[in-house]
$ cat protein.csv   # CSV, C-alpha atoms
chain,number,residue,atom,x,y,z
A,14,MET,CA,-20.9,29.4,207.7
A,15,ASN,CA,-17.3,30.0,206.7
A,16,LEU,CA,-17.2,29.1,203.0
A,17,ASN,CA,-13.4,29.5,202.9
A,18,ILE,CA,-13.1,26.6,205.4
A,19,ILE,CA,-15.6,24.6,203.4
A,20,CYS,CA,-13.7,25.3,200.2
A,21,ALA,CA,-10.5,23.9,201.8
A,22,GLU,CA,-12.3,20.7,202.5
A,23,VAL,CA,-13.8,20.6,199.0
A,24,GLU,CA,-10.3,20.9,197.6
A,25,LYS,CA,-9.2,17.9,199.6
A,26,ILE,CA,-12.2,15.9,198.3
A,27,ALA,CA,-11.5,16.9,194.7
A,28,ARG,CA,-7.8,15.8,195.0
A,29,SER,CA,-8.9,12.5,196.4
A,30,VAL,CA,-11.4,11.8,193.7
A,31,GLY,CA,-8.9,13.0,191.1
A,32,ALA,CA,-6.3,10.5,192.4
A,33,PHE,CA,-9.0,7.8,192.0
A,34,LEU,CA,-9.6,8.8,188.4
A,35,LYS,CA,-6.0,8.9,187.5
A,36,SER,CA,-5.3,5.4,189.0
A,37,GLU,CA,-8.4,3.9,187.3
A,38,GLN,CA,-7.6,5.3,183.9
A,39,ALA,CA,-4.6,3.0,183.5
A,40,LYS,CA,-6.9,0.0,184.2
A,41,LEU,CA,-9.7,0.9,181.9
A,42,ARG,CA,-10.7,-1.7,179.4
A,43,ASN,CA,-12.9,-1.4,176.2
A,44,THR,CA,-15.6,-3.5,177.9
A,45,ASP,CA,-15.9,-0.9,180.7
A,46,ILE,CA,-16.9,1.8,178.2
A,47,GLU,CA,-20.5,2.5,177.3
A,48,LEU,CA,-22.2,5.1,175.0
A,49,LYS,CA,-24.9,7.4,176.1
A,50,GLY,CA,-25.1,8.8,172.6
A,51,THR,CA,-22.8,9.5,169.6
A,52,ARG,CA,-19.4,10.5,171.0
A,53,ASN,CA,-20.9,10.6,174.5
A,54,PHE,CA,-19.1,8.0,176.6
A,55,VAL,CA,-19.6,6.9,180.2
A,56,THR,CA,-17.8,4.3,182.4
A,57,TYR,CA,-18.3,2.7,185.8
A,58,ILE,CA,-15.6,5.1,187.0
A,59,ASP,CA,-17.9,8.2,186.4
A,60,THR,CA,-20.5,6.6,188.7
A,61,GLU,CA,-18.1,5.5,191.4
A,62,ALA,CA,-16.4,8.9,191.4
A,63,GLU,CA,-19.8,10.6,191.7
A,64,LYS,CA,-20.7,8.4,194.7
A,65,MET,CA,-17.4,9.3,196.3
A,66,LEU,CA,-18.1,13.0,195.8
A,67,VAL,CA,-21.7,12.8,197.2
A,68,GLU,CA,-20.6,10.8,200.2
A,69,ASN,CA,-17.8,13.2,201.1
A,70,LEU,CA,-19.7,16.5,200.4
A,71,ARG,CA,-22.9,15.5,202.1
A,72,GLY,CA,-21.4,16.1,205.6
A,73,LEU,CA,-20.0,19.6,204.9
A,74,ILE,CA,-23.4,21.3,204.7
A,75,PRO,CA,-26.2,19.3,206.3
A,76,GLY,CA,-29.4,19.5,204.2
A,77,ALA,CA,-27.7,20.6,201.0
A,78,THR,CA,-29.1,19.0,197.9
A,79,PHE,CA,-27.2,17.7,194.8
A,80,LEU,CA,-27.4,18.2,191.0
A,81,THR,CA,-25.2,15.5,189.4
A,82,GLU,CA,-24.4,14.3,185.9
A,83,GLU,CA,-24.8,10.6,186.6
A,84,GLY,CA,-27.9,10.9,188.7
A,85,THR,CA,-26.6,8.8,191.6
A,86,VAL,CA,-28.7,11.0,193.9
A,87,SER,CA,-32.1,12.5,193.2
A,88,TYR,CA,-32.2,16.3,192.7
A,89,ALA,CA,-34.4,18.4,194.9
A,90,GLU,CA,-34.4,22.2,195.3
A,91,GLY,CA,-32.8,23.6,198.4
A,92,LYS,CA,-31.1,26.7,199.8
A,93,TYR,CA,-27.7,25.1,199.2
A,94,THR,CA,-27.1,22.8,196.2
A,95,TRP,CA,-23.9,21.0,195.1
A,96,ILE,CA,-23.5,20.8,191.3
A,97,ILE,CA,-20.9,18.2,190.5
A,98,ASP,CA,-19.3,16.5,187.6
A,99,PRO,CA,-17.1,13.6,188.7
A,100,LEU,CA,-15.3,13.3,185.4
A,101,ASP,CA,-15.5,16.2,182.9
A,102,GLY,CA,-13.8,15.1,179.8
A,103,THR,CA,-14.8,11.5,179.7
A,104,THR,CA,-14.1,11.2,175.9
A,105,ASN,CA,-10.5,12.2,176.6
A,106,TYR,CA,-10.4,9.9,179.6
A,107,VAL,CA,-11.5,6.7,177.8
A,108,HIS,CA,-8.9,7.3,175.0
A,109,GLY,CA,-6.1,7.7,177.5
A,110,ASP,CA,-5.9,11.4,176.8
A,111,THR,CA,-6.1,14.6,178.8
A,112,PRO,CA,-7.3,16.9,180.2
A,113,TYR,CA,-10.1,15.7,182.3
A,114,SER,CA,-11.2,17.1,185.6
A,115,VAL,CA,-13.3,16.9,188.7
A,116,SER,CA,-15.8,19.9,188.9
A,117,ILE,CA,-17.6,20.9,192.1
A,118,ALA,CA,-19.7,24.0,192.6
A,119,LEU,CA,-21.9,25.2,195.5
A,120,MET,CA,-25.0,27.2,194.8
A,121,LYS,CA,-26.8,29.3,197.5
A,122,ASP,CA,-30.2,30.4,196.4
A,123,LYS,CA,-29.3,29.6,192.8
A,124,GLN,CA,-26.2,31.7,192.9
A,125,ALA,CA,-22.7,30.2,192.8
A,126,VAL,CA,-20.7,30.9,196.0
A,127,LEU,CA,-17.9,28.3,195.6
A,128,GLY,CA,-16.1,26.5,192.8
A,129,VAL,CA,-13.3,23.9,192.6
A,130,VAL,CA,-12.0,22.3,189.5
A,131,TYR,CA,-9.1,19.7,189.7
A,132,ASP,CA,-7.0,18.2,186.9
A,133,PRO,CA,-5.3,15.2,188.4
A,134,VAL,CA,-2.8,14.7,185.6
A,135,ALA,CA,-1.5,18.2,185.5
A,136,ASP,CA,-2.1,18.5,189.3
A,137,GLU,CA,-3.8,21.8,188.8
A,138,LEU,CA,-6.4,22.8,191.4
A,139,PHE,CA,-8.4,25.9,190.6
A,140,SER,CA,-10.7,27.3,193.3
A,141,ALA,CA,-12.6,30.3,194.6
A,142,ALA,CA,-15.1,31.0,197.4
A,143,GLU,CA,-17.3,33.9,198.4
A,144,LYS,CA,-16.3,36.1,195.4
A,145,GLY,CA,-12.8,36.2,196.8
A,146,LYS,CA,-9.6,35.7,194.9
A,147,ALA,CA,-9.4,32.8,192.4
A,148,THR,CA,-6.4,30.6,192.8
A,149,LEU,CA,-4.4,27.9,191.1
A,150,ASN,CA,-2.7,25.6,193.5
A,151,GLY,CA,-3.1,28.3,196.1
A,152,ASN,CA,-1.6,31.1,194.1
A,153,PRO,CA,-3.9,34.0,192.9
A,154,ILE,CA,-4.8,34.1,189.2
A,155,LYS,CA,-6.3,36.6,186.9
A,156,VAL,CA,-7.5,36.8,183.3
A,157,SER,CA,-5.4,38.0,180.3
A,158,SER,CA,-5.6,41.5,179.0
A,159,HIS,CA,-5.7,40.6,175.3
A,160,ASN,CA,-8.5,42.7,173.8
A,161,THR,CA,-8.9,41.7,170.1
A,162,LEU,CA,-9.8,38.6,168.1
A,163,THR,CA,-6.6,39.1,166.2
A,164,ASN,CA,-3.9,36.9,167.8
A,165,GLY,CA,-6.5,35.7,170.4
A,166,TYR,CA,-6.0,32.3,171.9
A,167,ILE,CA,-9.5,30.8,172.1
A,168,GLY,CA,-10.9,27.5,173.3
A,169,PHE,CA,-14.2,26.1,172.1
A,170,GLY,CA,-16.2,22.9,172.0
A,171,ILE,CA,-18.5,21.2,169.5
A,172,PRO,CA,-21.8,19.8,171.0
A,173,TYR,CA,-22.6,16.1,170.6
A,174,SER,CA,-25.5,17.1,168.4
A,175,LEU,CA,-24.4,19.7,165.8
A,176,ASP,CA,-27.6,21.4,164.6
A,177,ALA,CA,-27.9,24.1,162.0
A,178,ARG,CA,-27.2,26.8,164.6
A,179,GLY,CA,-24.1,25.0,165.8
A,180,GLU,CA,-22.9,24.7,162.2
A,181,LYS,CA,-23.4,28.4,161.7
A,182,ILE,CA,-21.3,29.2,164.8
A,183,LEU,CA,-18.6,26.8,163.6
A,184,GLN,CA,-18.6,28.5,160.2
A,185,ASN,CA,-18.3,31.9,162.0
A,186,ALA,CA,-15.2,30.6,163.8
A,187,ILE,CA,-13.7,29.2,160.6
A,188,GLU,CA,-13.9,32.7,159.2
A,189,GLN,CA,-11.6,33.9,162.0
A,190,PHE,CA,-9.0,31.1,161.6
A,191,ARG,CA,-6.6,33.4,159.8
A,192,HIS,CA,-6.7,35.9,162.7
A,193,CYS,CA,-6.6,33.9,165.9
A,194,SER,CA,-5.7,30.5,167.3
A,195,PHE,CA,-8.5,28.0,168.3
A,196,ARG,CA,-8.1,25.0,170.5
A,197,ILE,CA,-10.4,22.1,171.5
A,198,LYS,CA,-9.2,20.5,174.7
A,199,GLY,CA,-12.3,18.4,175.6
A,200,SER,CA,-13.0,19.5,179.2
A,201,ALA,CA,-15.2,22.5,179.6
A,202,ALA,CA,-14.5,22.9,183.3
A,203,ALA,CA,-10.8,22.9,182.7
A,204,GLU,CA,-11.0,25.2,179.7
A,205,ILE,CA,-13.0,27.8,181.5
A,206,CYS,CA,-10.3,27.8,184.2
A,207,TYR,CA,-7.7,28.2,181.5
A,208,VAL,CA,-9.4,31.6,180.8
A,209,ALA,CA,-9.4,32.4,184.5
A,210,CYS,CA,-5.7,32.0,184.8
A,211,GLY,CA,-4.9,33.9,181.6
A,212,ARG,CA,-3.8,30.8,179.6
A,213,SER,CA,-6.6,31.4,177.1
A,214,ASP,CA,-8.5,34.6,176.2
A,215,ALA,CA,-11.9,33.1,175.8
A,216,TYR,CA,-13.9,29.9,175.6
A,217,PHE,CA,-17.3,29.2,174.0
A,218,HIS,CA,-19.5,26.1,173.7
A,219,SER,CA,-23.1,25.1,173.3
A,220,GLY,CA,-24.8,21.9,174.4
A,221,LEU,CA,-23.4,22.2,177.9
A,222,SER,CA,-25.0,21.2,181.2
A,223,PRO,CA,-24.9,23.0,184.6
A,224,TRP,CA,-22.3,20.5,186.0
A,225,ASP,CA,-19.9,21.4,183.1
A,226,VAL,CA,-19.8,25.1,183.8
A,227,ALA,CA,-21.0,26.0,187.4
A,228,ALA,CA,-17.7,25.7,189.1
A,229,GLY,CA,-15.5,27.1,186.3
A,230,THR,CA,-17.6,30.1,185.6
A,231,PHE,CA,-17.6,31.1,189.3
A,232,ILE,CA,-13.8,30.8,189.4
A,233,LEU,CA,-13.5,32.8,186.2
A,234,GLU,CA,-15.7,35.6,187.6
A,235,CYS,CA,-13.5,35.7,190.7
A,236,ALA,CA,-10.5,36.0,188.4
A,237,GLY,CA,-11.9,39.1,186.7
A,238,GLY,CA,-13.5,37.4,183.7
A,239,LYS,CA,-17.0,37.5,182.2
A,240,ASN,CA,-19.6,34.8,181.5
A,241,THR,CA,-22.8,35.1,179.4
A,242,ASP,CA,-25.0,33.0,177.2
A,243,PHE,CA,-24.8,33.4,173.5
A,244,SER,CA,-27.2,36.4,173.5
A,245,GLY,CA,-25.1,38.2,176.2
A,246,GLY,CA,-27.5,37.3,179.0
A,247,ASN,CA,-26.9,35.7,182.4
A,248,GLY,CA,-28.5,32.3,181.8
A,249,TYR,CA,-25.3,30.5,181.0
A,250,ILE,CA,-25.4,27.9,183.8
A,251,PHE,CA,-28.8,26.4,182.7
A,252,SER,CA,-29.2,27.7,179.1
A,253,LYS,CA,-26.6,25.2,177.6
A,254,GLU,CA,-24.7,28.1,176.0
A,255,LEU,CA,-21.6,29.8,177.3
A,256,VAL,CA,-19.2,32.5,176.3
A,257,ALA,CA,-16.4,32.7,179.0
A,258,SER,CA,-13.8,35.4,178.5
A,259,ASN,CA,-11.4,37.8,179.9
A,260,GLY,CA,-14.0,40.5,179.4
A,261,ALA,CA,-12.0,42.6,177.0
A,262,ILE,CA,-12.6,40.2,174.1
A,263,HIS,CA,-16.2,39.2,175.1
A,264,LYS,CA,-18.1,41.5,172.8
A,265,ASP,CA,-16.2,40.4,169.8
A,266,ILE,CA,-16.8,36.7,170.5
A,267,VAL,CA,-20.6,37.3,170.9
A,268,GLU,CA,-21.0,39.5,167.9
A,269,GLN,CA,-18.6,37.8,165.4
A,270,ILE,CA,-18.7,34.2,166.3
A,271,VAL,CA,-21.6,33.0,168.4
A,272,ASN,CA,-24.1,35.4,166.9
A,273,TYR,CA,-26.4,33.3,164.7

$ encode --input "protein.csv" --output "structure tokens"
Amino acid sequence: MNLNIICAEVEKIARSVGAFLKSEQAKLRNTDIELKGTRNFVTYIDTEAEKMLVENLRGLIPGATFLTEEGTVSYAEGKYTWIIDPLDGTTNYVHGDTPYSVSIALMKDKQAVLGVVYDPVADELFSAAEKGKATLNGNPIKVSSHNTLTNGYIGFGIPYSLDARGEKILQNAIEQFRHCSFRIKGSAAAEICYVACGRSDAYFHSGLSPWDVAAGTFILECAGGKNTDFSGGNGYIFSKELVASNGAIHKDIVEQIVNY
């Protein structure tokens, strides 16, 4: 199986679904928007985009299973599993804002081997396959070399349910506000890729799901970056906690911000 050839097909699929998202955003009405929980929006577009992804990806690797956000197909364990988010950044999307993205990862025996993230508004397509080079619109990318919190440019997110632990982490971040710049962009998949291309130095978030992070973290790894959960372990895809960084600033993020 040539994963580079498959990746090229996945890129085409991501661009096609991204074009659908972009065209439908202009037509979105308030009556089309539902709430899954506080600040947690969903639309018919999420579901339709997911169906498009499943239909197009299904033929690339016969027998591959799916883990999806909207549950349009039942999950079952398999050697190969597609982990997909048809619309990462729905809150941005329903407010007519950006970024939002299509996120597609392929797992082989529970290890990521391919990742594609596409932002249709910026027309930025991040991808990587088989631990090869990570690219942005076909051009190789790599992480930044910034190695201190001071003057760091750091993305983060706030979970839908902010518990005591989350509040402590947010307080830790506030204590660093005089030293570095923080940004909340609203699409975890895109923001991890911003670290991969050196735009940001790090990104951290809790309350995440596998489809939020599986593609972006693989792309970041291929760009020379580092991913862990908040304790510094490797459970970041399924543990709901992620620190994604250029590697040089990783220890500082873990010890001084997400340590609780």

$ closest_residue --input "protein.csv" --among "A:Tyr131, A:Glu254, A:Arg212, A:Ser114" --to "Gly170 (chain A)" --atoms "all atoms listed in the file"
A:Glu254

$ residues_around --input "protein.csv" --residues "Asp265 (chain A)" --least-positions-apart "5" --cutoff "8 Å" --atoms "only C-alpha atoms" --output "PyMOL selection string"
chain A and resi 161-162+270

$ closest_residue --input "protein.csv" --among "A:Glu83, A:Glu68, A:Asp214, A:Asp136" --to "Val256 (chain A)" --atoms "all atoms listed in the file"
A:Asp214

$ closest_atom_pairs --input "protein.csv" --of "region 110-141 of chain A" --to "region 221-230 of chain A" --cutoff "6 Å" --atoms "all atoms listed in the file" --output "tab-separated table"
residue	atom	partner	partner_atom	distance
A:Ile117	CA	A:Ala228	CA	5.7
A:Ala118	CA	A:Ala228	CA	4.4
A:Gly128	CA	A:Ala228	CA	4.1
A:Val129	CA	A:Ala228	CA	5.9

$ atom_distance --input "protein.csv" --atom1 "CA of Asn272 (chain A)" --atom2 "CA of Gly245 (chain A)"
9.8 Å

$ closest_residue --input "protein.csv" --among "A:Lys198, A:Arg28, A:His159, A:Lys64" --to "Gly102 (chain A)" --atoms "all atoms listed in the file"
A:Lys198

$ build_atoms --input "protein.csv" --residues "region 184-195 of chain A" --atoms "all heavy atoms" --output "compact mmCIF listing (two decimals), in the frame of the given file"
# COMPACT_ATOMS: atom_id res chain seq x y z
N GLN A 184 -18.97 27.81 161.44
CA GLN A 184 -18.60 28.50 160.20
C GLN A 184 -18.06 29.92 160.56
O GLN A 184 -17.07 30.39 160.00
CB GLN A 184 -19.76 28.63 159.26
CG GLN A 184 -19.43 29.29 157.93
CD GLN A 184 -18.37 28.55 157.14
OE1 GLN A 184 -18.43 27.33 157.00
NE2 GLN A 184 -17.38 29.26 156.64
N ASN A 185 -18.72 30.58 161.51
CA ASN A 185 -18.30 31.90 162.00
C ASN A 185 -16.84 31.81 162.51
O ASN A 185 -15.99 32.69 162.27
CB ASN A 185 -19.18 32.46 163.04
CG ASN A 185 -20.54 32.86 162.51
OD1 ASN A 185 -20.75 32.98 161.30
ND2 ASN A 185 -21.49 33.07 163.41
N ALA A 186 -16.58 30.75 163.28
CA ALA A 186 -15.20 30.60 163.80
C ALA A 186 -14.21 30.31 162.74
O ALA A 186 -13.11 30.87 162.77
CB ALA A 186 -15.25 29.40 164.83
N ILE A 187 -14.60 29.51 161.75
CA ILE A 187 -13.70 29.20 160.60
C ILE A 187 -13.25 30.50 159.93
O ILE A 187 -12.10 30.65 159.53
CB ILE A 187 -14.35 28.24 159.65
CG1 ILE A 187 -14.46 26.85 160.28
CG2 ILE A 187 -13.57 28.17 158.33
CD1 ILE A 187 -15.27 25.86 159.48
N GLU A 188 -14.18 31.45 159.83
CA GLU A 188 -13.90 32.70 159.20
C GLU A 188 -12.82 33.52 159.94
O GLU A 188 -12.21 34.44 159.38
CB GLU A 188 -15.14 33.53 158.99
CG GLU A 188 -16.11 32.91 157.98
CD GLU A 188 -17.43 33.64 157.92
OE1 GLU A 188 -17.58 34.67 158.60
OE2 GLU A 188 -18.34 33.19 157.17
N GLN A 189 -12.61 33.17 161.22
CA GLN A 189 -11.60 33.90 162.00
C GLN A 189 -10.28 33.13 162.12
O GLN A 189 -9.35 33.61 162.76
CB GLN A 189 -12.17 34.07 163.46
CG GLN A 189 -13.45 34.87 163.55
CD GLN A 189 -13.26 36.32 163.15
OE1 GLN A 189 -12.17 36.87 163.28
NE2 GLN A 189 -14.32 36.94 162.66
N PHE A 190 -10.19 31.98 161.46
CA PHE A 190 -9.00 31.10 161.60
C PHE A 190 -7.71 31.82 161.19
O PHE A 190 -6.64 31.51 161.70
CB PHE A 190 -9.18 29.83 160.82
CG PHE A 190 -9.89 28.75 161.58
CD1 PHE A 190 -10.72 29.04 162.65
CD2 PHE A 190 -9.74 27.42 161.22
CE1 PHE A 190 -11.39 28.06 163.35
CE2 PHE A 190 -10.40 26.40 161.92
CZ PHE A 190 -11.23 26.73 162.97
N ARG A 191 -7.79 32.74 160.25
CA ARG A 191 -6.60 33.40 159.80
C ARG A 191 -6.09 34.47 160.81
O ARG A 191 -4.95 34.93 160.73
CB ARG A 191 -6.83 34.14 158.46
CG ARG A 191 -7.04 33.18 157.29
CD ARG A 191 -7.21 33.96 156.00
NE ARG A 191 -7.41 33.06 154.85
CZ ARG A 191 -7.59 33.50 153.61
NH1 ARG A 191 -7.58 34.81 153.35
NH2 ARG A 191 -7.77 32.64 152.62
N HIS A 192 -6.98 34.82 161.74
CA HIS A 192 -6.70 35.90 162.70
C HIS A 192 -6.28 35.46 164.06
O HIS A 192 -5.53 36.14 164.76
CB HIS A 192 -7.86 36.86 162.77
CG HIS A 192 -8.39 37.33 161.45
ND1 HIS A 192 -7.67 38.16 160.61
CD2 HIS A 192 -9.56 37.06 160.81
CE1 HIS A 192 -8.38 38.39 159.52
NE2 HIS A 192 -9.53 37.73 159.62
N CYS A 193 -6.83 34.33 164.50
CA CYS A 193 -6.60 33.90 165.90
C CYS A 193 -6.41 32.41 165.96
O CYS A 193 -6.68 31.68 165.00
CB CYS A 193 -7.70 34.39 166.80
SG CYS A 193 -9.37 34.02 166.24
N SER A 194 -5.97 31.94 167.11
CA SER A 194 -5.70 30.50 167.30
C SER A 194 -6.88 29.89 168.09
O SER A 194 -7.30 30.42 169.13
CB SER A 194 -4.42 30.32 168.11
OG SER A 194 -3.32 30.82 167.40
N PHE A 195 -7.40 28.77 167.59
CA PHE A 195 -8.50 28.00 168.30
C PHE A 195 -7.97 26.70 168.75
O PHE A 195 -7.15 26.05 168.10
CB PHE A 195 -9.64 27.82 167.28
CG PHE A 195 -10.41 29.06 166.94
CD1 PHE A 195 -10.05 29.85 165.86
CD2 PHE A 195 -11.51 29.44 167.70
CE1 PHE A 195 -10.76 30.99 165.54
CE2 PHE A 195 -12.23 30.58 167.40
CZ PHE A 195 -11.86 31.36 166.31
